[in-house]
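Pasting final.csv here (CSV, C-alpha atoms):
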chain,number,residue,atom,x,y,z
A,1,MET,CA,0.0,0.0,0.0
A,2,SER,CA,1.7,3.2,-1.1
A,3,ALA,CA,1.1,6.1,1.3
A,4,GLN,CA,-1.8,8.4,0.3
A,5,ALA,CA,-2.2,6.8,-3.1
A,6,GLU,CA,-5.1,4.7,-2.1
A,7,LYS,CA,-8.5,6.0,-0.9
A,8,LEU,CA,-10.9,4.0,1.3
A,9,ASP,CA,-14.7,4.3,0.9
A,10,VAL,CA,-15.7,4.7,4.6
A,11,SER,CA,-19.4,4.8,5.3
A,12,VAL,CA,-20.2,6.1,8.7
A,13,TRP,CA,-23.5,6.3,10.6
A,14,ARG,CA,-24.8,9.9,11.0
A,15,GLY,CA,-27.6,11.0,13.3
A,16,ASP,CA,-29.5,9.1,16.0
A,17,SER,CA,-31.4,5.9,15.5
A,18,ASP,CA,-33.2,7.4,12.6
A,19,GLY,CA,-30.0,8.4,10.9
A,20,ALA,CA,-28.3,7.0,7.8
A,21,TYR,CA,-24.8,6.1,6.5
A,22,GLN,CA,-22.7,8.8,4.9
A,23,THR,CA,-19.7,7.9,2.8
A,24,PHE,CA,-16.3,9.6,3.1
A,25,GLN,CA,-13.1,9.1,1.0
A,26,VAL,CA,-10.3,8.6,3.4
A,27,PRO,CA,-6.6,8.2,2.4
A,28,ALA,CA,-5.1,4.8,3.3
A,29,TYR,CA,-1.9,4.6,5.4
A,30,GLU,CA,0.3,1.8,6.7
A,31,SER,CA,-0.6,0.6,10.1
A,32,GLN,CA,-3.9,2.5,10.1
A,33,THR,CA,-6.5,1.6,12.7
A,34,ILE,CA,-10.3,2.0,12.4
A,35,LEU,CA,-10.1,4.7,15.0
A,36,ASP,CA,-7.4,6.5,12.9
A,37,VAL,CA,-9.9,6.5,10.0
A,38,VAL,CA,-12.7,7.9,12.1
A,39,SER,CA,-10.4,10.5,13.6
A,40,TRP,CA,-9.3,11.5,10.0
A,41,ILE,CA,-12.9,12.1,9.0
A,42,GLN,CA,-13.5,14.2,12.1
A,43,GLN,CA,-10.3,16.2,11.7
A,44,TYR,CA,-10.2,16.7,7.9
A,45,ALA,CA,-13.7,16.1,6.4
A,46,ASP,CA,-16.5,16.8,9.0
A,47,PRO,CA,-15.7,18.2,12.4
A,48,THR,CA,-19.3,17.5,13.5
A,49,LEU,CA,-18.7,13.8,13.5
A,50,THR,CA,-19.3,12.4,17.0
A,51,TYR,CA,-17.5,9.4,18.4
A,52,ARG,CA,-15.9,8.3,21.6
A,53,PHE,CA,-12.3,7.3,22.5
A,54,ALA,CA,-9.8,7.9,25.2
A,55,CYS,CA,-6.6,5.8,25.6
A,56,ARG,CA,-6.1,4.5,22.0
A,57,VAL,CA,-4.3,1.5,23.3
A,58,GLY,CA,-7.0,-1.0,24.2
A,59,MET,CA,-7.2,-0.2,27.9
A,60,CYS,CA,-10.2,2.0,28.4
A,61,GLY,CA,-13.0,0.3,26.4
A,62,SER,CA,-14.4,3.6,25.0
A,63,CYS,CA,-14.0,3.2,21.3
A,64,ALA,CA,-16.0,0.1,20.4
A,65,MET,CA,-18.1,0.4,17.3
A,66,MET,CA,-19.8,-1.9,14.7
A,67,VAL,CA,-17.4,-2.5,11.8
A,68,ASN,CA,-19.0,-4.2,8.8
A,69,GLY,CA,-21.7,-5.3,11.2
A,70,ARG,CA,-19.4,-6.8,13.8
A,71,PRO,CA,-18.5,-5.2,17.1
A,72,ARG,CA,-14.8,-4.4,17.4
A,73,TRP,CA,-12.4,-2.3,19.5
A,74,THR,CA,-11.5,0.2,16.8
A,75,CYS,CA,-8.2,1.4,18.3
A,76,ARG,CA,-6.7,-2.0,18.2
A,77,THR,CA,-8.1,-3.2,14.8
A,78,HIS,CA,-6.1,-2.4,11.7
A,79,ILE,CA,-8.3,-1.2,8.9
A,80,LYS,CA,-6.6,-3.5,6.4
A,81,THR,CA,-8.1,-6.5,8.3
A,82,VAL,CA,-11.7,-5.3,7.7
A,83,VAL,CA,-11.7,-3.5,4.4
A,84,LYS,CA,-13.6,-5.3,1.6
A,85,ASP,CA,-13.0,-4.0,-1.9
A,86,GLY,CA,-11.7,-0.8,-0.6
A,87,ALA,CA,-14.8,-0.1,1.5
A,88,VAL,CA,-15.7,-0.4,5.2
A,89,GLN,CA,-18.9,0.4,7.1
A,90,ILE,CA,-18.7,1.9,10.7
A,91,GLY,CA,-21.7,2.3,12.9
A,92,PRO,CA,-22.6,2.8,16.6
A,93,LEU,CA,-22.6,-0.3,18.9
A,94,ARG,CA,-25.6,-2.6,18.5
A,95,ASN,CA,-28.2,-3.2,21.3
A,96,LEU,CA,-27.7,0.3,22.8
A,97,PRO,CA,-29.5,3.6,22.1
A,98,VAL,CA,-27.7,5.9,19.7
A,99,ILE,CA,-26.8,9.4,21.0
A,100,LYS,CA,-25.4,10.7,17.8
A,101,ASP,CA,-23.3,9.3,15.0
A,102,LEU,CA,-20.9,6.7,16.4
A,103,ALA,CA,-21.6,7.4,20.1
A,104,ALA,CA,-23.9,4.9,21.7
A,105,ASP,CA,-25.6,5.5,25.1
A,106,MET,CA,-23.8,3.2,27.5
A,107,ASP,CA,-26.2,3.8,30.4
A,108,PRO,CA,-28.2,0.5,29.9
A,109,PHE,CA,-25.0,-1.4,29.8
A,110,PHE,CA,-23.6,0.0,33.1
A,111,ASP,CA,-27.0,0.0,34.8
A,112,LYS,CA,-27.2,-3.8,34.2
A,113,TRP,CA,-23.6,-4.2,35.4
A,114,VAL,CA,-24.8,-2.7,38.8
A,115,ALA,CA,-28.1,-4.7,38.7
A,116,ALA,CA,-26.2,-7.9,38.4
A,117,GLY,CA,-24.5,-7.2,41.7
A,118,GLY,CA,-21.3,-5.8,40.1
A,119,VAL,CA,-20.4,-3.3,42.8
A,120,HIS,CA,-17.7,-4.6,45.0
A,121,ALA,CA,-18.6,-4.8,48.7
A,122,PRO,CA,-15.4,-5.2,50.8
A,123,SER,CA,-15.5,-8.0,53.4
A,124,GLY,CA,-13.0,-6.2,55.6
A,125,SER,CA,-11.7,-2.7,56.3
A,126,ARG,CA,-8.2,-1.2,56.2
A,127,TYR,CA,-7.9,-1.9,59.9
A,128,ASP,CA,-8.3,-5.6,59.4
A,129,PRO,CA,-5.2,-7.8,58.7
A,130,ILE,CA,-4.8,-8.7,55.1
A,131,GLU,CA,-6.1,-12.2,54.4
A,132,PRO,CA,-3.9,-14.1,52.0
A,133,VAL,CA,-5.5,-15.3,48.8
A,134,ASP,CA,-4.0,-18.2,46.9
A,135,PRO,CA,-3.7,-17.0,43.3
A,136,ALA,CA,-3.7,-20.6,42.1
A,137,GLY,CA,-6.8,-21.6,44.1
A,138,PRO,CA,-9.9,-22.8,42.2
A,139,GLU,CA,-12.1,-19.9,43.2
A,140,ARG,CA,-9.4,-17.2,42.5
A,141,THR,CA,-8.7,-18.9,39.2
A,142,GLU,CA,-12.3,-18.4,38.2
A,143,ALA,CA,-12.3,-14.8,39.4
A,144,SER,CA,-9.0,-14.0,37.7
A,145,ALA,CA,-10.4,-15.3,34.4
A,146,GLY,CA,-12.7,-12.3,34.1
A,147,ILE,CA,-10.9,-9.4,35.7
A,148,GLU,CA,-9.4,-8.0,32.5
A,149,CYS,CA,-12.8,-6.9,31.2
A,150,ILE,CA,-12.5,-3.3,30.0
A,151,ASN,CA,-16.3,-2.7,29.8
A,152,CYS,CA,-16.1,-1.9,26.1
A,153,SER,CA,-19.6,-3.5,25.5
A,154,VAL,CA,-18.4,-5.5,22.5
A,155,CYS,CA,-19.9,-8.7,24.0
A,156,TYR,CA,-23.2,-6.8,24.8
A,157,ALA,CA,-23.4,-5.6,21.2
A,158,ALA,CA,-22.5,-9.1,19.9
A,159,CYS,CA,-25.2,-10.8,22.0
A,160,ASP,CA,-28.3,-12.0,20.1
A,161,THR,CA,-30.1,-12.7,23.4
A,162,VAL,CA,-29.8,-9.0,24.3
A,163,ALA,CA,-31.1,-8.1,20.8
A,164,GLY,CA,-34.2,-10.2,21.4
A,165,ASN,CA,-34.6,-9.6,25.2
A,166,ALA,CA,-34.1,-6.0,26.3
A,167,ASP,CA,-34.2,-7.1,30.0
A,168,TYR,CA,-31.3,-9.5,29.7
A,169,LEU,CA,-28.4,-8.4,31.8
A,170,GLY,CA,-25.9,-9.4,29.1
A,171,PRO,CA,-22.5,-11.1,29.1
A,172,ALA,CA,-20.3,-8.4,30.7
A,173,ALA,CA,-22.5,-7.8,33.7
A,174,LEU,CA,-22.9,-11.5,34.3
A,175,GLN,CA,-19.2,-12.1,33.9
A,176,ARG,CA,-18.6,-9.4,36.5
A,177,ALA,CA,-21.1,-11.1,38.8
A,178,TRP,CA,-19.3,-14.4,38.4
A,179,THR,CA,-15.9,-12.8,39.1
A,180,LEU,CA,-17.2,-11.2,42.3
A,181,TYR,CA,-19.0,-14.5,43.3
A,182,ASN,CA,-15.6,-16.2,43.3
A,183,ASP,CA,-13.8,-13.3,45.0
A,184,ALA,CA,-13.0,-14.3,48.6
A,185,LYS,CA,-12.9,-10.6,49.6
A,186,HIS,CA,-16.4,-9.8,48.3
A,187,ASP,CA,-18.9,-9.5,51.1
A,188,ALA,CA,-22.2,-10.0,49.1
A,189,ARG,CA,-21.6,-13.2,47.4
A,190,GLU,CA,-24.9,-14.9,48.1
A,191,SER,CA,-26.9,-11.9,47.0
A,192,ILE,CA,-25.2,-12.1,43.6
A,193,LEU,CA,-27.0,-15.4,42.9
A,194,ASP,CA,-30.3,-13.7,43.6
A,195,ALA,CA,-29.4,-10.7,41.5
A,196,VAL,CA,-28.7,-13.0,38.5
A,197,SER,CA,-31.7,-15.2,38.9
A,198,GLY,CA,-34.5,-12.7,38.0
A,199,THR,CA,-36.4,-12.4,34.8
A,200,GLY,CA,-33.4,-10.8,33.0
A,201,GLY,CA,-30.9,-13.0,34.6
A,202,CYS,CA,-28.2,-15.6,33.5
A,203,HIS,CA,-30.9,-18.2,32.7
A,204,ASN,CA,-31.9,-16.4,29.6
A,205,CYS,CA,-28.5,-17.1,28.0
A,206,HIS,CA,-28.7,-19.5,25.0
A,207,SER,CA,-25.0,-20.2,25.1
A,208,MET,CA,-24.6,-19.0,21.5
A,209,GLY,CA,-21.1,-17.8,22.4
A,210,SER,CA,-20.9,-14.5,20.4
A,211,CYS,CA,-19.6,-12.8,23.6
A,212,THR,CA,-16.6,-15.2,23.8
A,213,VAL,CA,-16.0,-15.1,20.1
A,214,TYR,CA,-15.9,-11.3,19.9
A,215,CYS,CA,-14.3,-10.3,23.3
A,216,PRO,CA,-11.3,-8.3,22.2
A,217,ASN,CA,-9.4,-9.3,25.4
A,218,GLU,CA,-10.2,-13.0,24.7
A,219,LEU,CA,-12.2,-13.4,27.8
A,220,ASP,CA,-14.9,-16.1,28.1
A,221,PRO,CA,-18.2,-14.6,29.4
A,222,MET,CA,-20.1,-17.6,28.1
A,223,SER,CA,-18.3,-19.9,30.5
A,224,ALA,CA,-18.8,-17.4,33.3
A,225,ILE,CA,-22.5,-17.4,32.7
A,226,ALA,CA,-22.5,-21.2,32.6
A,227,GLY,CA,-20.8,-21.0,36.1
A,228,LEU,CA,-23.6,-18.8,37.4
A,229,LYS,CA,-26.2,-21.2,36.0
A,230,ARG,CA,-24.5,-24.1,37.7
A,231,GLU,CA,-24.3,-22.3,41.1
A,232,THR,CA,-27.8,-21.0,41.0
A,233,ALA,CA,-29.1,-24.5,40.1
A,234,LYS,CA,-27.2,-26.0,43.1
A,235,ASN,CA,-28.5,-23.2,45.3
A,236,PHE,CA,-32.0,-23.9,44.1
A,237,PHE,CA,-31.8,-27.4,45.6
A,238,ARG,CA,-29.9,-26.3,48.7
A,239,LYS,CA,-32.7,-23.8,49.5
A,240,ARG,CA,-35.2,-26.6,49.3
A,241,GLY,CA,-33.1,-29.3,50.9
B,1,MET,CA,-38.6,-13.4,31.3
B,2,LEU,CA,-36.9,-16.7,32.1
B,3,ASP,CA,-36.2,-16.7,35.8
B,4,LEU,CA,-34.5,-19.5,37.9
B,5,ARG,CA,-37.9,-21.2,38.6
B,6,LEU,CA,-38.8,-21.6,34.9
B,7,TYR,CA,-35.2,-22.5,34.0
B,8,MET,CA,-35.2,-25.3,36.6
B,9,ALA,CA,-38.6,-26.5,35.4
B,10,GLN,CA,-37.3,-26.7,31.9
B,11,ARG,CA,-34.1,-28.4,32.8
B,12,ILE,CA,-35.7,-30.9,35.2
B,13,SER,CA,-38.4,-31.8,32.6
B,14,ALA,CA,-35.6,-32.4,30.0
B,15,LEU,CA,-33.9,-34.7,32.5
B,16,ILE,CA,-37.1,-36.7,32.9
B,17,MET,CA,-37.9,-36.8,29.1
B,18,ALA,CA,-34.4,-38.0,28.1
B,19,PRO,CA,-34.6,-41.6,29.6
B,20,LEU,CA,-38.3,-41.9,28.9
B,21,THR,CA,-37.6,-41.1,25.2
B,22,LEU,CA,-34.8,-43.6,25.0
B,23,GLY,CA,-37.0,-46.2,26.8
B,24,HIS,CA,-39.9,-45.6,24.4
B,25,ILE,CA,-37.6,-46.0,21.3
B,26,ALA,CA,-35.9,-49.1,22.7
B,27,VAL,CA,-39.2,-50.8,23.5
B,28,MET,CA,-40.7,-49.9,20.1
B,29,ILE,CA,-37.7,-51.4,18.3
B,30,TRP,CA,-37.7,-54.5,20.5
B,31,ALA,CA,-41.5,-54.9,20.3
B,32,VAL,CA,-41.7,-55.0,16.6
B,33,GLN,CA,-38.9,-57.5,16.1
B,34,GLY,CA,-41.2,-60.4,16.7
B,35,GLY,CA,-43.9,-58.9,14.5
B,36,LEU,CA,-46.3,-57.6,17.1
B,37,SER,CA,-49.4,-56.0,15.7
B,38,ALA,CA,-50.8,-52.7,17.0
B,39,GLY,CA,-53.6,-54.7,18.6
B,40,GLU,CA,-51.2,-56.9,20.4
B,41,ILE,CA,-49.2,-54.0,21.7
B,42,LEU,CA,-52.4,-52.3,22.9
B,43,GLY,CA,-53.3,-55.5,24.6
B,44,ARG,CA,-50.2,-55.2,26.7
B,45,THR,CA,-50.4,-51.5,27.4
B,46,GLN,CA,-54.1,-51.2,28.2
B,47,GLY,CA,-54.7,-51.7,31.9
B,48,SER,CA,-51.1,-51.4,32.7
B,49,VAL,CA,-50.2,-49.1,35.5
B,50,PHE,CA,-46.6,-49.1,34.5
B,51,TRP,CA,-47.2,-47.8,31.0
B,52,PHE,CA,-49.8,-45.3,32.3
B,53,LEU,CA,-47.1,-43.8,34.6
B,54,PHE,CA,-44.4,-44.1,31.9
B,55,TYR,CA,-46.3,-42.2,29.2
B,56,GLY,CA,-48.2,-40.0,31.8
B,57,THR,CA,-44.9,-38.7,33.2
B,58,PHE,CA,-43.6,-38.2,29.7
B,59,VAL,CA,-46.6,-36.2,28.6
B,60,ALA,CA,-46.4,-34.0,31.8
B,61,ALA,CA,-42.7,-33.4,31.2
B,62,VAL,CA,-43.2,-32.6,27.5
B,63,SER,CA,-46.0,-30.1,28.3
B,64,VAL,CA,-43.9,-28.2,30.8
B,65,HIS,CA,-40.8,-28.3,28.7
B,66,ALA,CA,-42.4,-27.2,25.4
B,67,ALA,CA,-44.5,-24.5,27.0
B,68,ILE,CA,-41.4,-22.8,28.5
B,69,GLY,CA,-39.4,-23.3,25.3
B,70,LEU,CA,-42.2,-21.7,23.2
B,71,ARG,CA,-42.5,-18.9,25.8
B,72,VAL,CA,-38.8,-18.0,25.1
B,73,ILE,CA,-39.2,-18.1,21.4
B,74,VAL,CA,-42.4,-16.0,21.4
B,75,TYR,CA,-40.9,-13.4,23.7
B,76,GLU,CA,-37.6,-13.0,21.8
B,77,HIS,CA,-39.0,-13.2,18.3
B,78,VAL,CA,-42.6,-11.9,18.4
B,79,GLY,CA,-42.2,-9.5,21.3
B,80,ILE,CA,-45.2,-10.7,23.4
B,81,SER,CA,-44.6,-10.1,27.1
B,82,GLY,CA,-46.2,-9.7,30.5
B,83,LYS,CA,-49.6,-11.3,31.3
B,84,THR,CA,-50.2,-12.2,27.6
B,85,LEU,CA,-47.0,-14.2,27.6
B,86,THR,CA,-47.9,-15.9,30.8
B,87,ALA,CA,-51.4,-16.7,29.5
B,88,LEU,CA,-49.9,-18.1,26.3
B,89,THR,CA,-47.4,-20.2,28.2
B,90,TRP,CA,-50.3,-21.8,30.3
B,91,ALA,CA,-52.4,-22.2,27.2
B,92,VAL,CA,-49.6,-24.2,25.4
B,93,PHE,CA,-49.2,-26.3,28.5
B,94,ALA,CA,-53.0,-26.9,28.8
B,95,VAL,CA,-53.3,-27.9,25.1
B,96,LEU,CA,-50.3,-30.3,25.3
B,97,ILE,CA,-51.3,-31.9,28.5
B,98,ALA,CA,-54.9,-32.4,27.4
B,99,MET,CA,-53.9,-33.9,24.0
B,100,GLY,CA,-51.2,-36.0,25.7
B,101,ALA,CA,-53.5,-37.2,28.5
B,102,ARG,CA,-56.1,-38.2,25.9
B,103,ALA,CA,-53.5,-40.3,24.0
B,104,VAL,CA,-52.2,-41.9,27.3
B,105,TRP,CA,-55.7,-42.7,28.3
B,106,ALA,CA,-56.4,-44.3,24.9
B,107,VAL,CA,-53.3,-46.5,25.1
B,108,THR,CA,-53.3,-47.5,28.7
B,109,ALA,CA,-56.8,-47.4,30.0
B,110,GLY,CA,-59.4,-50.1,29.4
B,111,ALA,CA,-59.3,-53.9,29.0
B,112,GLY,CA,-56.2,-56.0,29.1
B,113,GLY,CA,-53.8,-57.2,31.7
B,114,ALA,CA,-50.7,-55.6,33.1
Would you put the structure from the file into structure tokens?
Amino acid sequence: MSAQAEKLDVSVWRGDSDGAYQTFQVPAYESQTILDVVSWIQQYADPTLTYRFACRVGMCGSCAMMVNGRPRWTCRTHIKTVVKDGAVQIGPLRNLPVIKDLAADMDPFFDKWVAAGGVHAPSGSRYDPIEPVDPAGPERTEASAGIECINCSVCYAACDTVAGNADYLGPAALQRAWTLYNDAKHDARESILDAVSGTGGCHNCHSMGSCTVYCPNELDPMSAIAGLKRETAKNFFRKRG
Amino acid sequence: MLDLRLYMAQRISALIMAPLTLGHIAVMIWAVQGGLSAGEILGRTQGSVFWFLFYGTFVAAVSVHAAIGLRVIVYEHVGISGKTLTALTWAVFAVLIAMGARAVWAVTAGAGGA
């Protein structure tokens, strides 16, 4: 690819949920990310283009968008991996309300994160002695599997169950719940099982696995949800036993 | 939409259905080996408490399982929710259990020895 010789046809969502795609001609560069392309449009073609990003290095989870219909973290995805016949389509995240252009309203995503019991409740205070946690223990291994979640909402946008069931808590919130359930230093572990057993809870998951396929950090929310189903089922019999 | 109670009802009904289905198929294959006619089979099932419980349990499990499964599909793909969805779930259950009970009664009630 010679610098600036090639142009990409980039169609970008404009407006709110009633908007439409608008196409821009963007020069192609080496090592160009999707976020670079969106930023080029905003800086050189249309300064009114609204989008969201912060760290640009895959840490903050701000810049996720739909790219050719698939959710991706745009700062860590090279445009050359997604371009088809010199064209690419970029839209706001699926399953969330659109604020404007490429900025989706993340409120439902974070509200569900809290509803699933995702807020940490410390089991001790700074005055208590530090309890050792074996990093290789079975519970901590389960908890550690999910702690690299950056809350980018890629899994939430990928989830077909969320698409069909607006009440469903979604993969990220349930994975967070599973992480805290296995955290020895979380003080509200039993209430998590109640929080994920309601009408929008983990039992609505069809195990289609889009969350695990699309997670940019290669986490496995589907297995975390399976863990919640297992524990709630065991608890169901314990309560009656 | 699908809480723990419904989830457990669907999973437990599946656990009940699985061995009964295998038993049904195994007995069917075994029974026709010797060339049993429908009449001869009915002669063995009618009046049998065992086959009444076998197929009665199966029909009850199917009715629960299918009603909850259809509830999920209708909610996610048609968008029906709330009381209408609950009514529909019960209606599916009622139709399946009524039709199933009629079939079980026809096959296991009446003359014949256990």
Within 8 Å of (-11.2, 11.6, 0.9), only C-alpha atoms: residues as a PyMOL selection string? chain A and resi 7-8+24-27+45
As an MDAnalysis selection string, please: the residues near Phe93 of chain B (cut-off 7 Å, all atoms listed in the file, same-chain neighbours under 4 positions excluded). chainID B and resid 63:64 67 89 97
Up to 8 Å from chain A, what residues of chain B turn up? Count all atoms listed in the file and give them as a PyMOL selection string. chain B and resi 1-4+7-8+75-77
Quick one: everything within 8 Å of Lys112 of chain A, counting all atoms listed in the file, minus sequence neighbours fewer than 6 positions away in the same chain. Send it as a PyMOL selection string. chain A and resi 169-170+173
Limited to C-alpha atoms, could you put the picked residues into a file as an mmCIF file, in the coordinates of the input?
data_model
loop_
_atom_site.group_PDB
_atom_site.id
_atom_site.type_symbol
_atom_site.label_atom_id
_atom_site.label_comp_id
_atom_site.auth_asym_id
_atom_site.auth_seq_id
_atom_site.Cartn_x
_atom_site.Cartn_y
_atom_site.Cartn_z
ATOM 1 C CA LEU A 169 -28.400 -8.400 31.800
ATOM 2 C CA GLY A 170 -25.900 -9.400 29.100
ATOM 3 C CA ALA A 173 -22.500 -7.800 33.700
#
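Using only C-alpha atoms for every distance, the candidate list A:Ile90, A:Val12, A:Met222, A:Leu96 yields A:Leu96 as the residue closest to Pro108 of chain A.
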Just give me the gap between atom CA of Pro171 of chain A and atom CA of Ile225 of chain A in Å, one decimal is fine.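 Atom CA of Pro171 of chain A sits 7.3 Å away from atom CA of Ile225 of chain A.
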Have a look at atom CA of Gly86 of chain A and atom CA of Val10 of chain A and let me know their distance in Å, one decimal. 8.6 Å
